[in-house]
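Here is entry_0.tsv, consisting of TSV, N, CA and C atoms and all ligand atoms:
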chain	number	residue	atom	x	y	z
A	1	MET	N	78.16	185.08	145.86
A	1	MET	CA	76.93	184.32	145.56
A	1	MET	C	76.00	184.35	146.78
A	2	SER	N	74.80	184.83	146.58
A	2	SER	CA	73.86	184.92	147.69
A	2	SER	C	72.88	183.74	147.66
A	3	THR	N	72.50	183.30	148.84
A	3	THR	CA	71.51	182.24	148.92
A	3	THR	C	70.30	182.78	149.67
A	4	GLU	N	69.13	182.32	149.24
A	4	GLU	CA	67.90	182.80	149.85
A	4	GLU	C	67.12	181.61	150.39
A	5	GLU	N	66.71	181.71	151.65
A	5	GLU	CA	65.94	180.61	152.24
A	5	GLU	C	64.46	180.89	152.10
A	6	VAL	N	63.74	179.94	151.52
A	6	VAL	CA	62.30	180.09	151.34
A	6	VAL	C	61.59	178.90	151.98
A	7	VAL	N	60.34	179.13	152.36
A	7	VAL	CA	59.52	178.06	152.94
A	7	VAL	C	59.29	176.97	151.88
A	8	CYS	N	59.53	175.74	152.28
A	8	CYS	CA	59.36	174.60	151.38
A	8	CYS	C	57.90	174.47	150.94
A	9	GLU	N	57.69	174.44	149.61
A	9	GLU	CA	56.31	174.36	149.09
A	9	GLU	C	55.71	172.97	149.29
A	10	ARG	N	56.56	171.98	149.27
A	10	ARG	CA	56.10	170.58	149.37
A	10	ARG	C	55.42	170.32	150.72
A	11	CYS	N	56.02	170.82	151.79
A	11	CYS	CA	55.49	170.54	153.12
A	11	CYS	C	54.93	171.78	153.80
A	12	GLY	N	55.04	172.91	153.14
A	12	GLY	CA	54.51	174.15	153.70
A	12	GLY	C	55.26	174.63	154.93
A	13	GLY	N	56.51	174.21	155.05
A	13	GLY	CA	57.33	174.69	156.17
A	13	GLY	C	57.28	173.81	157.41
A	14	THR	N	56.49	172.74	157.35
A	14	THR	CA	56.37	171.87	158.53
A	14	THR	C	57.51	170.86	158.61
A	15	GLY	N	58.10	170.54	157.47
A	15	GLY	CA	59.20	169.57	157.46
A	15	GLY	C	58.72	168.14	157.31
A	16	THR	N	57.40	167.94	157.36
A	16	THR	CA	56.86	166.59	157.18
A	16	THR	C	55.75	166.59	156.12
A	17	VAL	N	55.61	165.47	155.44
A	17	VAL	CA	54.55	165.32	154.43
A	17	VAL	C	53.84	163.98	154.64
A	18	MET	N	52.63	163.90	154.12
A	18	MET	CA	51.89	162.64	154.17
A	18	MET	C	52.34	161.77	153.00
A	19	ILE	N	52.93	160.64	153.27
A	19	ILE	CA	53.31	159.68	152.23
A	19	ILE	C	52.49	158.42	152.49
A	20	SER	N	51.75	158.00	151.43
A	20	SER	CA	50.73	156.95	151.58
A	20	SER	C	49.78	157.36	152.70
A	21	ASP	N	49.81	156.73	153.86
A	21	ASP	CA	48.90	157.13	154.93
A	21	ASP	C	49.64	157.44	156.23
A	22	HIS	N	50.92	157.77	156.10
A	22	HIS	CA	51.64	158.15	157.32
A	22	HIS	C	52.53	159.37	157.06
A	23	ARG	N	52.78	160.11	158.15
A	23	ARG	CA	53.64	161.29	158.04
A	23	ARG	C	55.10	160.86	157.91
A	24	ASP	N	55.78	161.54	157.00
A	24	ASP	CA	57.19	161.23	156.83
A	24	ASP	C	57.98	162.53	156.67
A	25	VAL	N	59.26	162.41	156.84
A	25	VAL	CA	60.13	163.59	156.66
A	25	VAL	C	60.05	164.04	155.21
A	26	CYS	N	59.86	165.34	155.03
A	26	CYS	CA	59.73	165.90	153.68
A	26	CYS	C	61.00	165.61	152.87
A	27	PRO	N	60.83	164.93	151.71
A	27	PRO	CA	62.00	164.61	150.88
A	27	PRO	C	62.60	165.84	150.19
A	28	GLU	N	61.81	166.90	150.11
A	28	GLU	CA	62.25	168.11	149.41
A	28	GLU	C	63.24	168.92	150.25
A	29	CYS	N	62.89	169.11	151.53
A	29	CYS	CA	63.72	169.94	152.41
A	29	CYS	C	64.40	169.11	153.49
A	30	LEU	N	64.16	167.79	153.49
A	30	LEU	CA	64.75	166.86	154.47
A	30	LEU	C	64.41	167.26	155.90
A	31	GLY	N	63.15	167.68	156.08
A	31	GLY	CA	62.66	167.96	157.42
A	31	GLY	C	62.97	169.35	157.94
A	32	LEU	N	63.61	170.17	157.13
A	32	LEU	CA	64.00	171.52	157.58
A	32	LEU	C	62.83	172.50	157.47
A	33	GLY	N	61.94	172.29	156.51
A	33	GLY	CA	60.81	173.19	156.30
A	33	GLY	C	61.17	174.40	155.46
A	34	ILE	N	62.46	174.58	155.21
A	34	ILE	CA	62.92	175.69	154.36
A	34	ILE	C	63.83	175.14	153.27
A	35	LEU	N	63.86	175.86	152.18
A	35	LEU	CA	64.69	175.46	151.05
A	35	LEU	C	65.72	176.54	150.74
A	36	ASN	N	66.87	176.06	150.33
A	36	ASN	CA	67.89	176.97	149.84
A	36	ASN	C	67.60	177.24	148.37
A	37	GLN	N	67.28	178.48	148.04
A	37	GLN	CA	66.82	178.77	146.68
A	37	GLN	C	67.94	178.99	145.68
A	38	GLU	N	69.17	178.82	146.12
A	38	GLU	CA	70.32	179.04	145.24
A	38	GLU	C	70.22	178.23	143.95
A	39	LYS	N	69.83	176.95	144.09
A	39	LYS	CA	69.80	176.05	142.93
A	39	LYS	C	68.72	176.44	141.93
A	40	THR	N	67.57	176.93	142.40
A	40	THR	CA	66.49	177.24	141.47
A	40	THR	C	66.63	178.64	140.88
A	41	VAL	N	67.25	179.54	141.63
A	41	VAL	CA	67.33	180.94	141.19
A	41	VAL	C	68.56	181.17	140.32
A	42	GLU	N	69.67	180.56	140.67
A	42	GLU	CA	70.94	180.84	139.98
A	42	GLU	C	70.93	180.61	138.46
A	43	PRO	N	70.41	179.46	137.97
A	43	PRO	CA	70.49	179.24	136.52
A	43	PRO	C	69.80	180.32	135.70
A	44	LEU	N	68.65	180.81	136.20
A	44	LEU	CA	67.90	181.84	135.49
A	44	LEU	C	68.69	183.14	135.42
A	45	SER	N	69.17	183.59	136.60
A	45	SER	CA	69.92	184.85	136.62
A	45	SER	C	71.23	184.70	135.86
A	46	LYS	N	71.80	183.48	135.89
A	46	LYS	CA	73.05	183.25	135.18
A	46	LYS	C	72.82	183.35	133.68
A	47	SER	N	71.74	182.74	133.17
A	47	SER	CA	71.49	182.78	131.74
A	47	SER	C	71.12	184.20	131.30
A	48	LYS	N	70.39	184.92	132.18
A	48	LYS	CA	70.04	186.31	131.87
A	48	LYS	C	71.29	187.17	131.77
A	49	SER	N	72.21	187.00	132.73
A	49	SER	CA	73.42	187.83	132.72
A	49	SER	C	74.33	187.44	131.57
A	50	SER	N	74.28	186.16	131.15
A	50	SER	CA	75.13	185.76	130.03
A	50	SER	C	74.58	186.32	128.72
A	51	ILE	N	73.23	186.43	128.61
A	51	ILE	CA	72.62	187.07	127.44
A	51	ILE	C	73.02	188.54	127.42
A	52	LYS	N	72.96	189.19	128.60
A	52	LYS	CA	73.33	190.60	128.72
A	52	LYS	C	74.79	190.79	128.31
A	53	ARG	N	75.65	189.88	128.80
A	53	ARG	CA	77.07	189.94	128.45
A	53	ARG	C	77.26	189.78	126.96
A	54	PHE	N	76.51	188.84	126.37
A	54	PHE	CA	76.63	188.58	124.93
A	54	PHE	C	76.20	189.81	124.13
A	55	VAL	N	75.06	190.43	124.53
A	55	VAL	CA	74.57	191.63	123.84
A	55	VAL	C	75.59	192.76	123.97
A	56	GLU	N	76.18	192.90	125.16
A	56	GLU	CA	77.21	193.93	125.36
A	56	GLU	C	78.42	193.66	124.46
A	57	TRP	N	78.76	192.38	124.32
A	57	TRP	CA	79.88	191.99	123.47
A	57	TRP	C	79.59	192.35	122.02
A	58	VAL	N	78.35	192.07	121.56
A	58	VAL	CA	77.95	192.38	120.18
A	58	VAL	C	77.97	193.89	119.95
A	59	ILE	N	77.48	194.66	120.95
A	59	ILE	CA	77.50	196.12	120.84
A	59	ILE	C	78.94	196.61	120.75
A	60	GLY	N	79.81	196.01	121.55
A	60	GLY	CA	81.24	196.34	121.49
A	60	GLY	C	81.82	196.05	120.12
A	61	ALA	N	81.44	194.88	119.56
A	61	ALA	CA	81.91	194.49	118.23
A	61	ALA	C	81.38	195.47	117.17
A	62	LEU	N	80.12	195.91	117.37
A	62	LEU	CA	79.54	196.88	116.44
A	62	LEU	C	80.30	198.21	116.48
A	63	LEU	N	80.69	198.63	117.68
A	63	LEU	CA	81.45	199.89	117.83
A	63	LEU	C	82.79	199.78	117.11
A	64	VAL	N	83.45	198.61	117.26
A	64	VAL	CA	84.70	198.36	116.55
A	64	VAL	C	84.44	198.40	115.04
A	65	PHE	N	83.33	197.78	114.65
A	65	PHE	CA	82.93	197.74	113.24
A	65	PHE	C	82.73	199.16	112.69
A	66	TYR	N	82.04	200.02	113.48
A	66	TYR	CA	81.84	201.41	113.06
A	66	TYR	C	83.18	202.14	112.94
A	67	GLY	N	84.06	201.85	113.89
A	67	GLY	CA	85.40	202.46	113.86
A	67	GLY	C	86.13	202.12	112.57
A	68	ILE	N	86.11	200.81	112.24
A	68	ILE	CA	86.75	200.35	111.00
A	68	ILE	C	86.05	200.96	109.78
A	69	PHE	N	84.72	201.01	109.86
A	69	PHE	CA	83.92	201.54	108.75
A	69	PHE	C	84.27	202.99	108.46
A	70	PHE	N	84.33	203.81	109.53
A	70	PHE	CA	84.64	205.23	109.32
A	70	PHE	C	86.09	205.43	108.90
A	71	TYR	N	86.97	204.52	109.39
A	71	TYR	CA	88.36	204.59	108.96
A	71	TYR	C	88.46	204.34	107.45
A	72	LEU	N	87.75	203.27	107.00
A	72	LEU	CA	87.74	202.95	105.57
A	72	LEU	C	87.11	204.08	104.76
A	73	LEU	N	86.03	204.66	105.33
A	73	LEU	CA	85.30	205.75	104.67
A	73	LEU	C	86.23	206.94	104.41
A	74	ILE	N	87.02	207.27	105.44
A	74	ILE	CA	87.92	208.43	105.34
A	74	ILE	C	89.16	208.08	104.52
A	75	ALA	N	89.73	206.90	104.78
A	75	ALA	CA	91.01	206.54	104.16
A	75	ALA	C	90.86	206.17	102.70
A	76	TYR	N	89.76	205.48	102.34
A	76	TYR	CA	89.64	204.95	100.98
A	76	TYR	C	88.53	205.59	100.16
A	77	HIS	N	87.79	206.55	100.76
A	77	HIS	CA	86.70	207.23	100.06
A	77	HIS	C	85.77	206.23	99.36
A	78	LEU	N	85.12	205.40	100.20
A	78	LEU	CA	84.23	204.36	99.66
A	78	LEU	C	83.08	204.99	98.88
A	79	ASP	N	82.66	204.31	97.82
A	79	ASP	CA	81.47	204.80	97.14
A	79	ASP	C	80.22	204.30	97.85
A	80	PRO	N	79.07	204.98	97.67
A	80	PRO	CA	77.85	204.69	98.44
A	80	PRO	C	77.43	203.22	98.41
A	81	THR	N	77.62	202.53	97.28
A	81	THR	CA	77.22	201.12	97.18
A	81	THR	C	78.03	200.28	98.17
A	82	ASP	N	79.35	200.50	98.23
A	82	ASP	CA	80.20	199.76	99.16
A	82	ASP	C	79.79	200.04	100.60
A	83	MET	N	79.49	201.34	100.89
A	83	MET	CA	79.09	201.73	102.24
A	83	MET	C	77.85	200.96	102.68
A	84	ILE	N	76.85	200.93	101.77
A	84	ILE	CA	75.58	200.24	102.08
A	84	ILE	C	75.82	198.75	102.31
A	85	ILE	N	76.63	198.15	101.45
A	85	ILE	CA	76.93	196.71	101.59
A	85	ILE	C	77.62	196.43	102.93
A	86	ILE	N	78.64	197.24	103.25
A	86	ILE	CA	79.39	197.05	104.49
A	86	ILE	C	78.47	197.22	105.71
A	87	LEU	N	77.64	198.26	105.71
A	87	LEU	CA	76.71	198.50	106.82
A	87	LEU	C	75.69	197.38	106.95
A	88	LEU	N	75.15	196.94	105.81
A	88	LEU	CA	74.15	195.86	105.81
A	88	LEU	C	74.74	194.58	106.37
A	89	VAL	N	75.93	194.22	105.87
A	89	VAL	CA	76.60	192.99	106.32
A	89	VAL	C	76.90	193.08	107.82
A	90	GLY	N	77.41	194.23	108.24
A	90	GLY	CA	77.76	194.43	109.65
A	90	GLY	C	76.56	194.26	110.57
A	91	HIS	N	75.45	194.91	110.22
A	91	HIS	CA	74.26	194.84	111.07
A	91	HIS	C	73.59	193.47	111.01
A	92	THR	N	73.63	192.85	109.83
A	92	THR	CA	73.05	191.50	109.69
A	92	THR	C	73.81	190.52	110.59
A	93	VAL	N	75.14	190.60	110.57
A	93	VAL	CA	75.98	189.73	111.39
A	93	VAL	C	75.70	190.00	112.87
A	94	ALA	N	75.65	191.28	113.25
A	94	ALA	CA	75.46	191.64	114.66
A	94	ALA	C	74.11	191.18	115.19
A	95	PHE	N	73.03	191.56	114.52
A	95	PHE	CA	71.69	191.21	115.01
A	95	PHE	C	71.37	189.73	114.75
A	96	GLY	N	71.92	189.20	113.67
A	96	GLY	CA	71.75	187.78	113.39
A	96	GLY	C	72.37	186.92	114.47
A	97	SER	N	73.54	187.34	114.98
A	97	SER	CA	74.20	186.55	116.02
A	97	SER	C	73.43	186.64	117.33
A	98	ILE	N	72.80	187.82	117.62
A	98	ILE	CA	71.98	187.96	118.83
A	98	ILE	C	70.77	187.03	118.72
A	99	VAL	N	70.07	187.06	117.58
A	99	VAL	CA	68.89	186.21	117.36
A	99	VAL	C	69.27	184.74	117.46
A	100	LEU	N	70.38	184.38	116.82
A	100	LEU	CA	70.87	183.00	116.84
A	100	LEU	C	71.19	182.57	118.26
A	101	TYR	N	71.83	183.47	119.01
A	101	TYR	CA	72.20	183.17	120.40
A	101	TYR	C	70.95	182.93	121.25
A	102	LEU	N	69.93	183.79	121.08
A	102	LEU	CA	68.69	183.65	121.84
A	102	LEU	C	67.95	182.37	121.45
A	103	LEU	N	67.95	182.05	120.14
A	103	LEU	CA	67.30	180.83	119.67
A	103	LEU	C	67.99	179.60	120.23
A	104	LEU	N	69.32	179.58	120.14
A	104	LEU	CA	70.09	178.46	120.67
A	104	LEU	C	69.88	178.34	122.17
A	105	GLY	N	69.80	179.49	122.85
A	105	GLY	CA	69.58	179.50	124.29
A	105	GLY	C	68.25	178.91	124.66
A	106	SER	N	67.18	179.25	123.91
A	106	SER	CA	65.85	178.72	124.22
A	106	SER	C	65.77	177.23	123.88
A	107	VAL	N	66.45	176.83	122.81
A	107	VAL	CA	66.49	175.40	122.46
A	107	VAL	C	67.21	174.63	123.55
A	108	TYR	N	68.30	175.19	124.03
A	108	TYR	CA	69.09	174.54	125.09
A	108	TYR	C	68.27	174.42	126.36
A	109	ARG	N	67.52	175.49	126.69
A	109	ARG	CA	66.69	175.46	127.90
A	109	ARG	C	65.54	174.45	127.76
A	110	ALA	N	64.99	174.33	126.52
A	110	ALA	CA	63.86	173.42	126.29
A	110	ALA	C	64.30	171.97	126.42
A	111	THR	N	65.49	171.65	125.89
A	111	THR	CA	65.96	170.27	125.94
A	111	THR	C	66.65	169.96	127.26
A	112	GLY	N	67.35	170.92	127.81
A	112	GLY	CA	68.08	170.67	129.06
A	112	GLY	C	67.19	171.01	130.21
B	201	ZN	ZN	59.63	170.39	152.84
Can you give me the file's structure in the form of structure tokens?
Ligand SMILES: [Zn+2]
Amino acid sequence: MSTEEVVCERCGGTGTVMISDHRDVCPECLGLGILNQEKTVEPLSKSKSSIKRFVEWVIGALLVFYGIFFYLLIAYHLDPTDMIIILLVGHTVAFGSIVLYLLLGSVYRATG
């Protein structure tokens, strides 16, 4: 886990701010003038990587699905109607779960 130090926006790196009519220690950086950006940066990159992981998982599931589909195709000689239904259901589940995951993620971010 990497941490990045950035100049505090509240005090502009001075470590002090004007509160009422006197200078006080910046409550944001506690007088350091710099902020550890780990807390603000991590949640975003974490949610991005979890979406990426989820999409990779769905793609993996789709590959398994194709494997099963072609196995059924060869082993049971499916008729075209069954093939279309199986493919439609498979893709609807795969892309539907991605859309659902993204929707739930944005709802979670909006409320949390
Ligand atoms: Zn500050």
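Residue nearest ligand ZN 201 (chain B), chosen from A:Val6, A:Met18, A:Val55, A:Leu30 and counting only C-alpha atoms and all ligand atoms: A:Leu30.
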Legend entry - Point-to-point distance in Å for atom C of Tyr101 (chain A) and CA of Phe54 (chain A):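 Atom C of Tyr101 (chain A) lies 8.8 Å from CA of Phe54 (chain A).
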Legend entry - For Phe65 (chain A): contacts at 10 Å, only C-alpha atoms, fewer than 4 positions along chain excluded, given as a VMD selection string: chain A and resid 59 to 61 69 to 71 86 to 87 90 to 91 94
Legend entry - Nearby residues (all atoms listed in the file) at most 6 Å from Thr14 (chain A), same-chain spacing under 4 positions excluded, as number ranges by chain: A: 31-33
Legend entry - Selection within 6 Å of ligand ZN 201 (chain B) by all atoms listed in the file, output as a PyMOL selection string: chain A and resi 8-16+26-34
For the residues selected in the previous step, produce a file with N, CA and C atoms as a short mmCIF file (atom, residue, chain, number, x, y, z; two decimals), in the frame of the given file.
data_model
loop_
_atom_site.label_atom_id
_atom_site.label_comp_id
_atom_site.auth_asym_id
_atom_site.auth_seq_id
_atom_site.Cartn_x
_atom_site.Cartn_y
_atom_site.Cartn_z
N CYS A 8 59.53 175.74 152.28
CA CYS A 8 59.36 174.60 151.38
C CYS A 8 57.90 174.47 150.94
N GLU A 9 57.69 174.44 149.61
CA GLU A 9 56.31 174.36 149.09
C GLU A 9 55.71 172.97 149.29
N ARG A 10 56.56 171.98 149.27
CA ARG A 10 56.10 170.58 149.37
C ARG A 10 55.42 170.32 150.72
N CYS A 11 56.02 170.82 151.79
CA CYS A 11 55.49 170.54 153.12
C CYS A 11 54.93 171.78 153.80
N GLY A 12 55.04 172.91 153.14
CA GLY A 12 54.51 174.15 153.70
C GLY A 12 55.26 174.63 154.93
N GLY A 13 56.51 174.21 155.05
CA GLY A 13 57.33 174.69 156.17
C GLY A 13 57.28 173.81 157.41
N THR A 14 56.49 172.74 157.35
CA THR A 14 56.37 171.87 158.53
C THR A 14 57.51 170.86 158.61
N GLY A 15 58.10 170.54 157.47
CA GLY A 15 59.20 169.57 157.46
C GLY A 15 58.72 168.14 157.31
N THR A 16 57.40 167.94 157.36
CA THR A 16 56.86 166.59 157.18
C THR A 16 55.75 166.59 156.12
N CYS A 26 59.86 165.34 155.03
CA CYS A 26 59.73 165.90 153.68
C CYS A 26 61.00 165.61 152.87
N PRO A 27 60.83 164.93 151.71
CA PRO A 27 62.00 164.61 150.88
C PRO A 27 62.60 165.84 150.19
N GLU A 28 61.81 166.90 150.11
CA GLU A 28 62.25 168.11 149.41
C GLU A 28 63.24 168.92 150.25
N CYS A 29 62.89 169.11 151.53
CA CYS A 29 63.72 169.94 152.41
C CYS A 29 64.40 169.11 153.49
N LEU A 30 64.16 167.79 153.49
CA LEU A 30 64.75 166.86 154.47
C LEU A 30 64.41 167.26 155.90
N GLY A 31 63.15 167.68 156.08
CA GLY A 31 62.66 167.96 157.42
C GLY A 31 62.97 169.35 157.94
N LEU A 32 63.61 170.17 157.13
CA LEU A 32 64.00 171.52 157.58
C LEU A 32 62.83 172.50 157.47
N GLY A 33 61.94 172.29 156.51
CA GLY A 33 60.81 173.19 156.30
C GLY A 33 61.17 174.40 155.46
N ILE A 34 62.46 174.58 155.21
CA ILE A 34 62.92 175.69 154.36
C ILE A 34 63.83 175.14 153.27
#
